[in-house]
>>> print(open('my_file-v9.txt').read())   # compact mmCIF, C-alpha atoms
# COMPACT_ATOMS: atom_id res chain seq x y z
CA MET Q 207 -193.60 20.76 -39.54
CA TYR Q 208 -190.00 20.30 -40.63
CA PRO Q 209 -187.77 23.27 -41.56
CA GLU Q 210 -186.98 23.26 -45.28
CA SER Q 211 -183.23 23.20 -44.62
CA GLU Q 212 -183.67 20.08 -42.49
CA ALA Q 213 -185.90 18.16 -44.87
CA ILE Q 214 -185.02 19.26 -48.40
CA ALA Q 215 -181.92 19.30 -50.57
CA ILE Q 216 -181.60 19.91 -54.31
CA ALA Q 217 -179.65 17.44 -56.42
CA LYS Q 218 -178.72 17.35 -60.08
CA ARG Q 219 -180.35 14.79 -62.37
CA GLU Q 220 -177.97 13.07 -64.75
CA ASN Q 221 -178.66 13.61 -68.46
CA ASN Q 222 -182.31 14.55 -67.99
CA ALA Q 223 -183.37 17.38 -70.31
CA LYS Q 224 -186.96 17.34 -68.99
CA ARG Q 225 -186.05 18.47 -65.48
CA ALA Q 226 -182.53 19.35 -64.35
CA TYR Q 227 -183.10 19.07 -60.61
CA LEU Q 228 -184.30 16.45 -58.16
CA VAL Q 229 -185.82 17.35 -54.81
CA VAL Q 230 -184.20 15.02 -52.29
CA ASN Q 231 -186.10 14.55 -49.04
CA LYS Q 232 -183.40 14.01 -46.43
CA LEU Q 233 -185.82 12.38 -43.96
CA GLN Q 234 -187.60 9.96 -46.28
CA GLY Q 235 -185.16 7.05 -46.35
CA LYS Q 236 -184.79 6.66 -50.12
CA HIS Q 237 -181.56 8.21 -51.36
CA ILE Q 238 -180.07 9.41 -48.05
CA PRO Q 239 -179.66 7.12 -45.02
CA VAL Q 240 -182.00 8.20 -42.23
CA SER Q 241 -183.37 6.97 -38.91
CA PRO Q 242 -186.42 4.84 -39.80
CA LEU Q 243 -188.32 6.08 -36.76
CA ARG Q 244 -187.73 9.64 -37.90
CA ALA Q 245 -189.00 8.79 -41.39
CA PHE Q 246 -192.10 7.18 -39.88
CA GLY Q 247 -192.65 10.28 -37.75
CA MET Q 248 -192.87 12.38 -40.92
CA PHE Q 249 -195.14 9.88 -42.69
CA ASP Q 250 -197.44 9.70 -39.66
CA LEU Q 251 -197.99 13.46 -39.72
CA LEU Q 252 -199.27 13.11 -43.26
CA ALA Q 253 -201.44 10.15 -42.24
CA ASP Q 254 -203.03 12.31 -39.54
CA LYS Q 255 -203.90 14.98 -42.12
CA VAL Q 256 -205.49 12.47 -44.47
CA GLY Q 257 -207.41 10.76 -41.68
CA ALA Q 258 -208.78 14.05 -40.39
CA ALA Q 259 -209.81 15.22 -43.87
CA TYR Q 260 -211.67 12.05 -44.93
CA THR Q 261 -212.89 10.54 -41.67
CA ASP Q 262 -216.07 8.99 -43.03
CA GLU Q 263 -214.80 7.92 -46.46
CA ARG Q 264 -213.59 4.56 -47.69
CA MET Q 265 -210.20 5.23 -49.23
CA LEU Q 266 -207.92 3.48 -51.68
CA LEU Q 267 -204.40 4.86 -51.32
CA VAL Q 268 -202.10 4.73 -54.35
CA GLY Q 269 -198.36 5.07 -53.68
CA PHE Q 270 -196.11 6.07 -56.56
CA ALA Q 271 -193.05 3.97 -57.38
CA GLU Q 272 -190.30 4.22 -56.56
CA THR Q 273 -189.93 6.88 -53.96
CA ALA Q 274 -193.42 7.05 -52.42
CA THR Q 275 -194.11 3.34 -51.95
CA ALA Q 276 -193.14 3.40 -48.26
CA ILE Q 277 -195.08 6.60 -47.61
CA GLY Q 278 -198.25 5.15 -49.11
CA ALA Q 279 -197.84 1.89 -47.24
CA ARG Q 280 -197.34 3.67 -43.93
CA LEU Q 281 -200.46 5.77 -44.46
CA ALA Q 282 -202.48 2.66 -45.34
CA VAL Q 283 -201.28 0.82 -42.22
CA LYS Q 284 -202.01 3.81 -39.96
CA LEU Q 285 -205.42 4.50 -41.49
CA ASP Q 286 -206.35 0.85 -42.20
CA SER Q 287 -207.17 1.77 -45.79
CA HIS Q 288 -206.74 -0.33 -48.89
CA TYR Q 289 -203.44 0.25 -50.62
CA ILE Q 290 -201.85 -0.39 -53.99
CA GLN Q 291 -198.63 0.95 -55.40
CA THR Q 292 -197.78 1.74 -58.99
CA THR Q 293 -195.03 -0.40 -60.44
CA ARG Q 294 -192.62 -0.71 -63.30
CA GLU Q 295 -192.20 -4.44 -62.73
CA THR Q 296 -193.70 -7.09 -65.01
CA TYR Q 297 -196.41 -9.54 -64.01
CA GLY Q 298 -198.04 -12.38 -65.87
CA ASP Q 299 -201.77 -12.81 -66.30
CA VAL Q 300 -203.12 -9.39 -65.24
CA SER Q 301 -204.63 -6.38 -67.00
CA TRP Q 302 -203.11 -2.95 -66.58
CA LEU Q 303 -203.89 0.73 -66.32
CA LEU Q 304 -200.92 2.39 -68.02
CA PHE Q 305 -199.76 5.99 -67.65
CA SER Q 306 -196.54 7.95 -67.83
CA GLU Q 307 -194.41 10.12 -65.56
CA THR Q 308 -192.92 12.31 -68.22
CA HIS Q 309 -190.13 14.00 -66.20
CA SER Q 310 -188.78 10.68 -64.89
CA HIS Q 311 -185.78 8.65 -66.06
CA ALA Q 312 -188.21 5.71 -66.49
CA VAL Q 313 -191.52 7.12 -67.69
CA GLU Q 314 -193.74 4.03 -67.69
CA GLN Q 315 -195.98 3.50 -64.66
CA LYS Q 316 -198.63 0.82 -64.19
CA LEU Q 317 -201.48 -0.14 -61.89
CA ILE Q 318 -203.06 -3.59 -61.90
CA ARG Q 319 -206.56 -2.95 -63.22
CA ASP Q 320 -207.93 -6.29 -61.98
CA ASP Q 321 -207.36 -5.14 -58.40
CA ILE Q 322 -208.87 -1.70 -58.97
CA ASP Q 323 -211.92 -3.40 -60.53
CA ALA Q 324 -212.33 -5.52 -57.40
CA ILE Q 325 -212.22 -2.63 -54.92
CA ILE Q 326 -213.74 0.31 -56.82
CA GLY Q 327 -217.30 -0.47 -55.70
CA ARG Q 328 -216.18 -0.17 -52.06
CA THR Q 329 -214.18 3.02 -52.55
CA ASP Q 330 -215.34 6.60 -52.02
CA ARG Q 331 -212.04 8.33 -52.71
CA ILE Q 332 -208.72 7.44 -54.32
CA VAL Q 333 -205.85 9.25 -52.61
CA PHE Q 334 -202.58 9.47 -54.53
CA VAL Q 335 -199.59 9.46 -52.19
CA GLU Q 336 -196.36 11.13 -53.29
CA ASP Q 337 -193.13 12.33 -51.73
CA GLU Q 338 -193.39 15.58 -53.66
CA VAL Q 339 -195.73 17.07 -56.25
CA THR Q 340 -194.24 19.61 -58.63
CA THR Q 341 -196.75 20.33 -61.42
CA GLY Q 342 -199.44 17.74 -60.70
CA ASN Q 343 -199.48 16.69 -64.37
CA THR Q 344 -198.69 13.02 -63.72
CA ILE Q 345 -201.58 12.71 -61.28
CA LEU Q 346 -203.95 14.47 -63.68
CA ASN Q 347 -202.87 11.98 -66.31
CA ILE Q 348 -203.82 8.98 -64.18
CA ILE Q 349 -207.04 10.63 -62.95
CA LYS Q 350 -208.12 11.01 -66.58
CA ILE Q 351 -207.46 7.31 -67.16
CA LEU Q 352 -209.36 6.32 -64.01
CA GLU Q 353 -212.31 8.58 -64.84
CA GLU Q 354 -212.54 6.95 -68.26
CA ALA Q 355 -212.38 3.49 -66.71
CA TYR Q 356 -214.75 4.22 -63.79
CA PRO Q 357 -216.86 7.28 -64.74
CA GLY Q 358 -218.42 9.02 -61.76
CA ARG Q 359 -217.47 6.28 -59.32
CA VAL Q 360 -214.99 7.98 -56.97
CA ARG Q 361 -213.55 11.28 -55.80
CA PHE Q 362 -209.82 12.03 -55.80
CA ALA Q 363 -207.20 13.62 -53.57
CA VAL Q 364 -203.42 13.96 -53.36
CA ALA Q 365 -201.36 13.56 -50.19
CA SER Q 366 -197.67 14.47 -50.35
CA LEU Q 367 -194.84 15.33 -48.02
CA LEU Q 368 -193.93 18.31 -50.21
CA ASN Q 369 -196.02 20.42 -52.57
CA GLY Q 370 -194.34 22.67 -55.12
CA MET Q 371 -197.34 23.22 -57.41
CA PRO Q 372 -197.68 26.75 -58.81
CA PRO Q 373 -200.85 28.67 -57.88
CA GLU Q 374 -202.52 28.11 -61.24
CA ALA Q 375 -202.06 24.33 -60.94
CA GLU Q 376 -203.51 24.32 -57.42
CA ALA Q 377 -206.45 26.40 -58.63
CA PHE Q 378 -207.13 23.89 -61.38
CA TYR Q 379 -207.10 21.04 -58.84
CA HIS Q 380 -209.51 22.93 -56.58
CA ALA Q 381 -211.82 23.61 -59.51
CA LYS Q 382 -211.84 19.88 -60.30
CA GLY Q 383 -212.63 19.04 -56.68
CA ILE Q 384 -209.33 17.20 -56.16
CA GLY Q 385 -208.17 17.55 -52.56
CA LEU Q 386 -204.57 18.63 -51.84
CA LEU Q 387 -202.99 17.66 -48.53
CA TYR Q 388 -199.30 18.15 -47.75
CA LEU Q 389 -196.84 18.85 -44.96
CA GLN Q 390 -194.74 21.55 -46.57
CA LYS Q 391 -195.09 24.02 -49.41
CA THR Q 392 -192.02 24.50 -51.61
CA ASP Q 393 -191.06 27.01 -54.29
CA HIS Q 394 -189.36 25.31 -57.24
CA SER Q 395 -188.62 28.49 -59.17
CA GLY Q 396 -184.94 28.56 -58.21
CA TYR Q 397 -184.24 24.83 -58.13
CA THR Q 398 -182.93 24.52 -61.69
CA ALA Q 399 -180.32 27.22 -61.04
CA ILE Q 400 -179.29 25.53 -57.78
CA ALA Q 401 -178.86 22.16 -59.50
CA GLU Q 402 -176.86 23.65 -62.35
CA SER Q 403 -174.51 25.40 -59.91
CA TYR Q 404 -173.10 22.06 -58.77
CA CYS Q 405 -170.26 20.23 -60.49
CA ALA Q 406 -170.72 16.48 -60.87
CA ASP Q 407 -167.33 15.85 -59.26
CA GLY Q 408 -168.26 13.33 -56.57
CA ALA Q 409 -167.09 9.73 -56.29
CA TYR Q 410 -168.50 7.34 -58.90
CA PHE Q 411 -168.01 3.59 -58.57
CA PRO Q 412 -168.86 1.18 -61.40
CA ALA Q 413 -170.75 -2.03 -60.74
CA ASP Q 414 -168.55 -4.87 -59.53
CA THR Q 415 -170.33 -8.15 -60.33
CA ALA Q 416 -167.53 -10.49 -59.32
CA GLY Q 417 -168.90 -13.40 -57.26
CA CYS Q 418 -169.30 -12.34 -53.63
CA ASP Q 419 -172.07 -13.74 -51.43
CA PRO Q 420 -173.50 -12.10 -48.30
CA ALA Q 421 -172.35 -13.56 -44.99
CA GLU Q 422 -175.86 -14.90 -44.28
CA SER Q 423 -178.91 -15.32 -46.46
CA TYR Q 424 -182.48 -16.22 -45.56
CA CYS Q 425 -185.89 -16.61 -47.09
CA ILE Q 426 -188.73 -15.30 -44.93
CA GLU Q 427 -192.22 -16.56 -45.66
CA GLY Q 428 -195.44 -14.56 -45.69
CA CYS Q 429 -194.75 -11.80 -48.22
CA MET Q 430 -197.72 -9.55 -48.95
CA ASP Q 431 -197.12 -7.75 -52.24
CA ALA Q 432 -198.29 -4.13 -52.23
CA ARG Q 433 -198.18 -4.04 -56.03
CA ARG Q 434 -201.47 -5.87 -55.58
CA CYS Q 435 -204.26 -4.24 -53.58
CA VAL Q 436 -203.81 -5.00 -49.87
CA PRO Q 437 -205.80 -4.00 -46.75
CA GLY Q 438 -203.65 -1.70 -44.62
CA ALA Q 439 -204.11 -3.55 -41.34
CA ALA Q 440 -203.36 -6.91 -42.97
CA TYR Q 441 -200.22 -5.49 -44.59
CA GLY Q 442 -199.09 -4.18 -41.21
CA ARG Q 443 -199.61 -7.62 -39.66
CA ALA Q 444 -197.64 -9.24 -42.49
CA CYS Q 445 -194.70 -6.92 -41.77
CA GLU Q 446 -194.92 -7.79 -38.07
CA ALA Q 447 -194.88 -11.50 -38.95
CA MET Q 448 -191.89 -10.91 -41.24
CA TRP Q 449 -190.05 -9.29 -38.35
CA GLU Q 450 -190.89 -12.16 -36.00
CA ARG Q 451 -189.59 -14.70 -38.52
CA ILE Q 452 -186.38 -12.72 -38.96
CA CYS Q 453 -185.93 -12.83 -35.19
CA LEU Q 454 -186.36 -16.61 -35.17
CA LYS Q 455 -183.06 -17.05 -37.00
CA ASN Q 456 -179.61 -17.08 -35.47
CA HIS Q 457 -176.13 -17.23 -36.94
CA ASN Q 458 -176.44 -20.96 -37.65
CA GLY Q 459 -179.95 -20.87 -39.05
CA ARG Q 460 -181.47 -22.56 -35.95
CA PRO Q 461 -184.64 -20.98 -34.57
CA TYR Q 462 -184.76 -19.38 -31.17
CA THR Q 463 -187.18 -20.82 -28.64
CA PRO Q 464 -190.18 -18.48 -28.93
CA LEU Q 465 -190.71 -16.11 -26.04
CA HIS Q 466 -194.14 -15.00 -24.92
CA GLY Q 467 -195.50 -11.46 -25.04
CA SER Q 468 -195.64 -8.69 -27.59
CA ALA Q 469 -192.02 -7.65 -27.01
CA ALA Q 470 -190.70 -11.16 -27.69
CA PRO Q 471 -189.21 -10.54 -31.15
CA GLU Q 472 -187.28 -7.50 -29.97
CA ARG Q 473 -186.00 -9.37 -26.92
CA MET Q 474 -184.90 -12.25 -29.12
CA LEU Q 475 -183.04 -9.91 -31.46
CA GLN Q 476 -181.25 -8.26 -28.54
CA THR Q 477 -180.03 -11.73 -27.58
CA HIS Q 478 -179.04 -12.31 -31.20
CA SER Q 479 -177.24 -9.09 -32.00
CA GLY Q 480 -176.64 -7.17 -28.80
CA ALA Q 481 -178.09 -3.71 -28.44
CA GLY Q 482 -176.10 -0.65 -29.38
CA GLU Q 483 -174.76 -1.64 -32.78
CA ASN Q 484 -174.62 0.63 -35.80
CA ILE Q 485 -176.82 -1.03 -38.44
CA LEU Q 486 -177.77 -0.12 -42.01
CA VAL Q 487 -180.98 -1.56 -43.48
CA ILE Q 488 -181.33 -1.43 -47.27
CA GLY Q 489 -184.53 -1.82 -49.26
CA THR Q 490 -184.49 -2.54 -52.98
CA GLU Q 491 -186.04 -0.27 -55.61
CA GLU Q 492 -189.85 -0.29 -55.11
CA PHE Q 493 -189.56 -2.45 -51.98
CA MET Q 494 -189.04 0.09 -49.21
CA TYR Q 495 -191.65 -0.12 -46.44
CA PRO Q 496 -190.73 -3.56 -45.02
CA ALA Q 497 -187.08 -2.49 -44.82
CA LEU Q 498 -188.03 0.68 -42.95
CA PHE Q 499 -190.31 -1.39 -40.70
CA ALA Q 500 -187.49 -3.81 -39.82
CA GLY Q 501 -185.16 -0.88 -39.28
CA ALA Q 502 -187.63 0.77 -36.90
CA CYS Q 503 -187.83 -2.49 -34.92
CA LEU Q 504 -184.04 -2.62 -34.69
CA GLU Q 505 -183.98 1.01 -33.58
CA ARG Q 506 -186.47 0.28 -30.80
CA CYS Q 507 -184.12 -2.49 -29.65
CA GLY Q 508 -181.49 0.11 -28.87
CA HIS Q 509 -179.45 0.01 -32.07
CA THR Q 510 -178.40 3.03 -34.08
CA VAL Q 511 -180.10 2.40 -37.40
CA LYS Q 512 -180.11 4.07 -40.80
CA CYS Q 513 -182.29 3.07 -43.76
CA HIS Q 514 -182.26 3.86 -47.43
CA ALA Q 515 -182.80 1.98 -50.69
CA THR Q 516 -181.39 1.15 -54.07
CA THR Q 517 -182.92 3.14 -56.89
CA ARG Q 518 -183.19 3.35 -60.64
CA SER Q 519 -182.52 7.11 -60.49
CA PRO Q 520 -179.14 8.18 -61.90
CA ILE Q 521 -178.24 11.28 -59.89
CA ALA Q 522 -175.05 13.29 -60.16
CA VAL Q 523 -172.87 13.40 -57.06
CA SER Q 524 -170.69 16.26 -55.89
CA ARG Q 525 -167.88 16.88 -53.43
CA ARG Q 526 -169.45 20.10 -52.16
CA PRO Q 527 -170.41 19.82 -48.47
CA ASP Q 528 -173.82 21.41 -49.06
CA TYR Q 529 -174.75 18.86 -51.73
CA PRO Q 530 -176.78 15.87 -50.46
CA LEU Q 531 -175.08 13.03 -52.38
CA HIS Q 532 -171.32 12.54 -52.45
CA SER Q 533 -170.73 8.96 -53.62
CA ARG Q 534 -172.61 6.83 -56.16
CA TYR Q 535 -172.33 3.08 -56.54
CA GLU Q 536 -173.70 1.64 -59.74
CA LEU Q 537 -175.38 -1.74 -59.27
CA ALA Q 538 -177.00 -4.46 -61.29
CA SER Q 539 -180.66 -4.85 -60.38
CA LEU Q 540 -181.86 -7.72 -58.20
CA TYR Q 541 -185.06 -7.84 -60.28
CA GLU Q 542 -184.01 -7.80 -63.92
CA LYS Q 543 -180.80 -8.54 -65.79
CA GLY Q 544 -179.44 -5.58 -67.68
CA ARG Q 545 -181.15 -2.94 -65.48
CA ARG Q 546 -178.88 -0.30 -63.94
CA THR Q 547 -179.57 0.72 -60.37
CA PHE Q 548 -177.70 2.83 -57.84
CA ILE Q 549 -177.11 3.42 -54.16
CA TYR Q 550 -175.67 6.58 -52.64
CA ASN Q 551 -173.61 7.67 -49.62
CA LEU Q 552 -172.49 4.27 -48.36
CA LYS Q 553 -170.16 3.98 -45.37
CA LYS Q 554 -169.05 1.38 -42.80
CA TYR Q 555 -171.50 -0.12 -40.29
CA ASP Q 556 -171.34 -2.91 -37.72
CA GLN Q 557 -173.99 -4.81 -39.69
CA VAL Q 558 -175.85 -4.36 -42.95
CA TRP Q 559 -179.26 -5.92 -43.59
CA ILE Q 560 -180.58 -6.14 -47.16
CA LEU Q 561 -184.31 -6.79 -47.53
CA THR Q 562 -185.83 -7.57 -50.92
CA ASP Q 563 -188.87 -9.16 -52.51
CA ALA Q 564 -187.09 -9.96 -55.78
CA PRO Q 565 -188.62 -13.31 -56.86
CA LYS Q 566 -185.29 -14.84 -57.84
CA PRO Q 567 -182.59 -12.30 -57.06
CA CYS Q 568 -180.28 -11.82 -60.05
CA LYS Q 569 -176.84 -12.97 -59.00
CA GLU Q 570 -175.14 -9.94 -60.56
CA GLY Q 571 -177.43 -7.73 -58.50
CA VAL Q 572 -176.56 -9.42 -55.23
CA TYR Q 573 -172.85 -9.52 -56.04
CA SER Q 574 -172.70 -5.85 -57.04
CA LEU Q 575 -174.51 -4.70 -53.88
CA VAL Q 576 -172.40 -6.89 -51.60
CA ASN Q 577 -169.20 -5.72 -53.31
CA ALA Q 578 -170.20 -2.08 -52.96
CA LEU Q 579 -170.83 -2.59 -49.23
CA LYS Q 580 -167.60 -4.52 -48.74
CA SER Q 581 -165.63 -1.76 -50.48
CA CYS Q 582 -166.69 0.51 -47.59
CA GLY Q 583 -165.51 -1.99 -44.96
CA ASN Q 584 -168.80 -3.82 -44.32
CA ASP Q 585 -168.26 -7.52 -43.61
CA THR Q 586 -171.38 -8.59 -41.68
CA ILE Q 587 -174.01 -8.49 -44.44
CA ARG Q 588 -177.32 -10.30 -43.99
CA PHE Q 589 -179.59 -10.87 -46.97
CA PHE Q 590 -183.34 -11.46 -46.50
CA VAL Q 591 -185.75 -12.38 -49.28
CA TRP Q 592 -189.39 -11.87 -48.27
CA GLN Q 593 -191.09 -14.72 -50.06
CA GLY Q 594 -194.70 -14.85 -51.21
CA ALA Q 595 -196.91 -14.86 -54.28
CA PHE Q 596 -194.67 -12.39 -56.15
CA ALA Q 597 -191.43 -13.77 -54.70
CA ALA Q 598 -191.98 -17.44 -55.42
CA GLY Q 599 -189.42 -20.19 -55.72
CA CYS Q 600 -187.20 -19.30 -52.75
CA ALA Q 601 -185.81 -22.04 -50.57
CA HIS Q 602 -185.79 -21.77 -46.78
CA GLY Q 603 -183.14 -21.19 -44.16
CA GLN Q 604 -179.60 -19.95 -44.29
CA LYS Q 605 -176.86 -20.65 -46.78
CA GLN Q 606 -173.27 -19.73 -45.99
CA GLY Q 607 -172.01 -20.61 -49.45
CA GLY Q 608 -173.43 -21.53 -52.83
CA PHE Q 609 -176.07 -18.82 -52.51
CA TYR Q 610 -177.49 -19.38 -55.97
CA GLU Q 611 -177.85 -23.11 -55.59
CA GLU Q 612 -180.44 -22.26 -52.93
CA PHE Q 613 -182.14 -19.14 -54.28
CA LEU Q 614 -182.14 -19.97 -57.97
>>> encode(input="my_file-v9.txt", output="structure tokens")
Amino acid sequence: MYPESEAIAIAKRENNAKRAYLVVNKLQGKHIPVSPLRAFGMFDLLADKVGAAYTDERMLLVGFAETATAIGARLAVKLDSHYIQTTRETYGDVSWLLFSETHSHAVEQKLIRDDIDAIIGRTDRIVFVEDEVTTGNTILNIIKILEEAYPGRVRFAVASLLNGMPPEAEAFYHAKGIGLLYLQKTDHSGYTAIAESYCADGAYFPADTAGCDPAESYCIEGCMDARRCVPGAAYGRACEAMWERICLKNHNGRPYTPLHGSAAPERMLQTHSGAGENILVIGTEEFMYPALFAGACLERCGHTVKCHATTRSPIAVSRRPDYPLHSRYELASLYEKGRRTFIYNLKKYDQVWILTDAPKPCKEGVYSLVNALKSCGNDTIRFFVWQGAFAAGCAHGQKQGGFYEEFL
């Protein structure tokens, strides 16, 4: 169990009349940079609870975009359960289950129905994985849709790091037979007042989309897209293969001679980078787990590593020391032109690694993220595109200049 002061901070949503506050989990690796191994330690505690509760059941885990995608993926890998995340991205020839997250800045959420159709006959329970549950209304909304689509087929449960549901909401869930598993109970009754007590007087930086490429850029094959239903063990192996391929690159794009044994990739990276560096690993929007996975591998190599991710969430920042977010960098999205995204609390590191599965990264998105990092003194920036069915069309290898001739 984590003390509330260590794990939770209250932030102020920007221009959101539906809910003034945002619960920021300081150990999750989304908005605030955190040790990836520490984040995984928290996720694994939740995985243990879910595994103990439903030992003999075949589970489909559903992680909510954006913030819970890494939590759901970690649980699926640990429990070897099938996994799918909700998404706000657009696909081609698929059918959807559509629902809304009414308190969010972007209310539309989607699940690919084709994949649920394929797995529902081999599923005893659908477990919704969240970072925090406040009222439970969003999950009830999607349960209603699933019960209409698959009447009487499965049971349901919710697994979250934090649970702030009022007693009457929990009682309703219990009456419906919906399991509730969580690490920490929270009381949201005073959160609005806390959020409104802060002035939005932090440092705000507009998007700078002037042409500025990363120092190194690579495509890594073998992407497994968790927006489609994936087996947990197979997804874990795909992340391991991604890490091995990253380690087979050096500064000039030439592969290392493979070493034998399970520790080979980490040994190769120590040769490549030298242990003991201060490294930031950034995921992009819904794409969080592979970045945390790579960060955890770097941390095991002896580096000091922090991970967090870009986000669609516009959050106010404040100068007050007790407020969690002090600087906000507006970005263009890597996934879609015209979409605003953000990253918070940047500083200088020895290296920065950006991992994305954007199919064809929008040049304004790459430029704005690189410029934001460079404005904090970061010069060694490595950009990795995990390429697969969703991220098609990427070329291979490294490009020192002319980034978009290769990736677009």
>>> closest_residue(input="my_file-v9.txt", among="Q:Ala375, Q:Arg434, Q:Ala226, Q:Ala271", to="Q:Ile322", atoms="all atoms listed in the file")
Q:Arg434
>>> residues_around(input="my_file-v9.txt", residues="Q:Ile400", least_positions_apart="6", cutoff="10 Å", atoms="all atoms listed in the file", output="PDB file with C-alpha atoms, in the frame of the given file")
ATOM      1  CA  ALA Q 215    -181.920  19.300 -50.570  1.00  0.00           C
ATOM      2  CA  ILE Q 216    -181.600  19.910 -54.310  1.00  0.00           C
ATOM      3  CA  ALA Q 217    -179.650  17.440 -56.420  1.00  0.00           C
ATOM      4  CA  LYS Q 218    -178.720  17.350 -60.080  1.00  0.00           C
ATOM      5  CA  ALA Q 226    -182.530  19.350 -64.350  1.00  0.00           C
ATOM      6  CA  TYR Q 227    -183.100  19.070 -60.610  1.00  0.00           C
TER       7      TYR Q 227
END
>>> closest_residue(input="my_file-v9.txt", among="Q:Lys255, Q:His288, Q:Arg545, Q:Arg225", to="Q:Thr341", atoms="all atoms listed in the file")
Q:Arg225
>>> atom_distance(input="my_file-v9.txt", atom1="atom CA of Q:Glu212", atom2="atom CA of Q:Ala282")
25.8 Å
>>> atom_distance(input="my_file-v9.txt", atom1="atom CA of Q:Cys425", atom2="atom CA of Q:Gly501")
17.6 Å
>>> closest_residue(input="my_file-v9.txt", among="Q:Cys503, Q:Leu387, Q:Ala406, Q:Ala377", to="Q:Leu531", atoms="only C-alpha atoms")
Q:Ala406
>>> residues_near_point(input="my_file-v9.txt", point="(-197.3, 13.5, -53.3)", cutoff="10 Å", atoms="all atoms listed in the file", output="number ranges by chain")
Q: 269-270, 273-274, 277-278, 333-340, 342, 345, 363-370, 386-389
>>> closest_residue(input="my_file-v9.txt", among="Q:Cys568, Q:Ala213, Q:Val576, Q:Ile351", to="Q:Lys391", atoms="all atoms listed in the file")
Q:Ala213
>>> atom_distance(input="my_file-v9.txt", atom1="atom CA of Q:Asp299", atom2="atom CA of Q:Arg319")
11.4 Å
>>> axis_aligned_box(input="my_file-v9.txt", around="stretch 488-505 of chain Q", padding_each_side="3 Å", output="AutoDock Vina command-line options")
--center_x -186.5 --center_y -1.4 --center_z -44.6 --size_x 16.3 --size_y 10.8 --size_z 28.0
>>> residues_around(input="my_file-v9.txt", residues="Q:Tyr529", least_positions_apart="5", cutoff="12 Å", atoms="only C-alpha atoms", output="PyMOL selection string")
chain Q and resi 211+214-218+228-230+232+238+400-408+521-524+551
>>> residues_near_point(input="my_file-v9.txt", point="(-170.8, 5.1, -50.7)", cutoff="8 Å", atoms="only C-alpha atoms", output="VMD selection string")
chain Q and resid 532 to 535 549 to 553 578 to 579 582
>>> closest_residue(input="my_file-v9.txt", among="Q:Tyr424, Q:Ile325, Q:Tyr555, Q:Glu210", to="Q:Ser581", atoms="only C-alpha atoms")
Q:Tyr555
>>> closest_residue(input="my_file-v9.txt", among="Q:Phe589, Q:Val240, Q:Asp330, Q:Met371", to="Q:Gly358", atoms="all atoms listed in the file")
Q:Asp330
>>> residues_around(input="my_file-v9.txt", residues="Q:Ser574", least_positions_apart="5", cutoff="12 Å", atoms="only C-alpha atoms", output="MDAnalysis selection string")
chainID Q and resid 411:420 516 535:540 546:549 567:569 579:581
>>> residues_around(input="my_file-v9.txt", residues="Q:Asp323", least_positions_apart="6", cutoff="12 Å", atoms="all atoms listed in the file", output="list in words")
Leu266, Val300, Ser301, Trp302, Leu303, Leu317, Thr329, Leu352, Ala355, Tyr356, Arg359, Arg434 and Cys435 of chain Q
>>> write_last_selection(input="my_file-v9.txt", atoms="C-alpha atoms", output="PDB file, in the coordinates of the input")
ATOM      1  CA  LEU Q 266    -207.920   3.480 -51.680  1.00  0.00           C
ATOM      2  CA  VAL Q 300    -203.120  -9.390 -65.240  1.00  0.00           C
ATOM      3  CA  SER Q 301    -204.630  -6.380 -67.000  1.00  0.00           C
ATOM      4  CA  TRP Q 302    -203.110  -2.950 -66.580  1.00  0.00           C
ATOM      5  CA  LEU Q 303    -203.890   0.730 -66.320  1.00  0.00           C
ATOM      6  CA  LEU Q 317    -201.480  -0.140 -61.890  1.00  0.00           C
ATOM      7  CA  THR Q 329    -214.180   3.020 -52.550  1.00  0.00           C
ATOM      8  CA  LEU Q 352    -209.360   6.320 -64.010  1.00  0.00           C
ATOM      9  CA  ALA Q 355    -212.380   3.490 -66.710  1.00  0.00           C
ATOM     10  CA  TYR Q 356    -214.750   4.220 -63.790  1.00  0.00           C
ATOM     11  CA  ARG Q 359    -217.470   6.280 -59.320  1.00  0.00           C
ATOM     12  CA  ARG Q 434    -201.470  -5.870 -55.580  1.00  0.00           C
ATOM     13  CA  CYS Q 435    -204.260  -4.240 -53.580  1.00  0.00           C
TER      14      CYS Q 435
END
>>> residues_around(input="my_file-v9.txt", residues="Q:Ile426", least_positions_apart="4", cutoff="7 Å", atoms="all atoms listed in the file", output="list of chain:residue names")
Q:Met448, Q:Arg451, Q:Ile452, Q:Phe590, Q:Val591, Q:Trp592, Q:Gln593
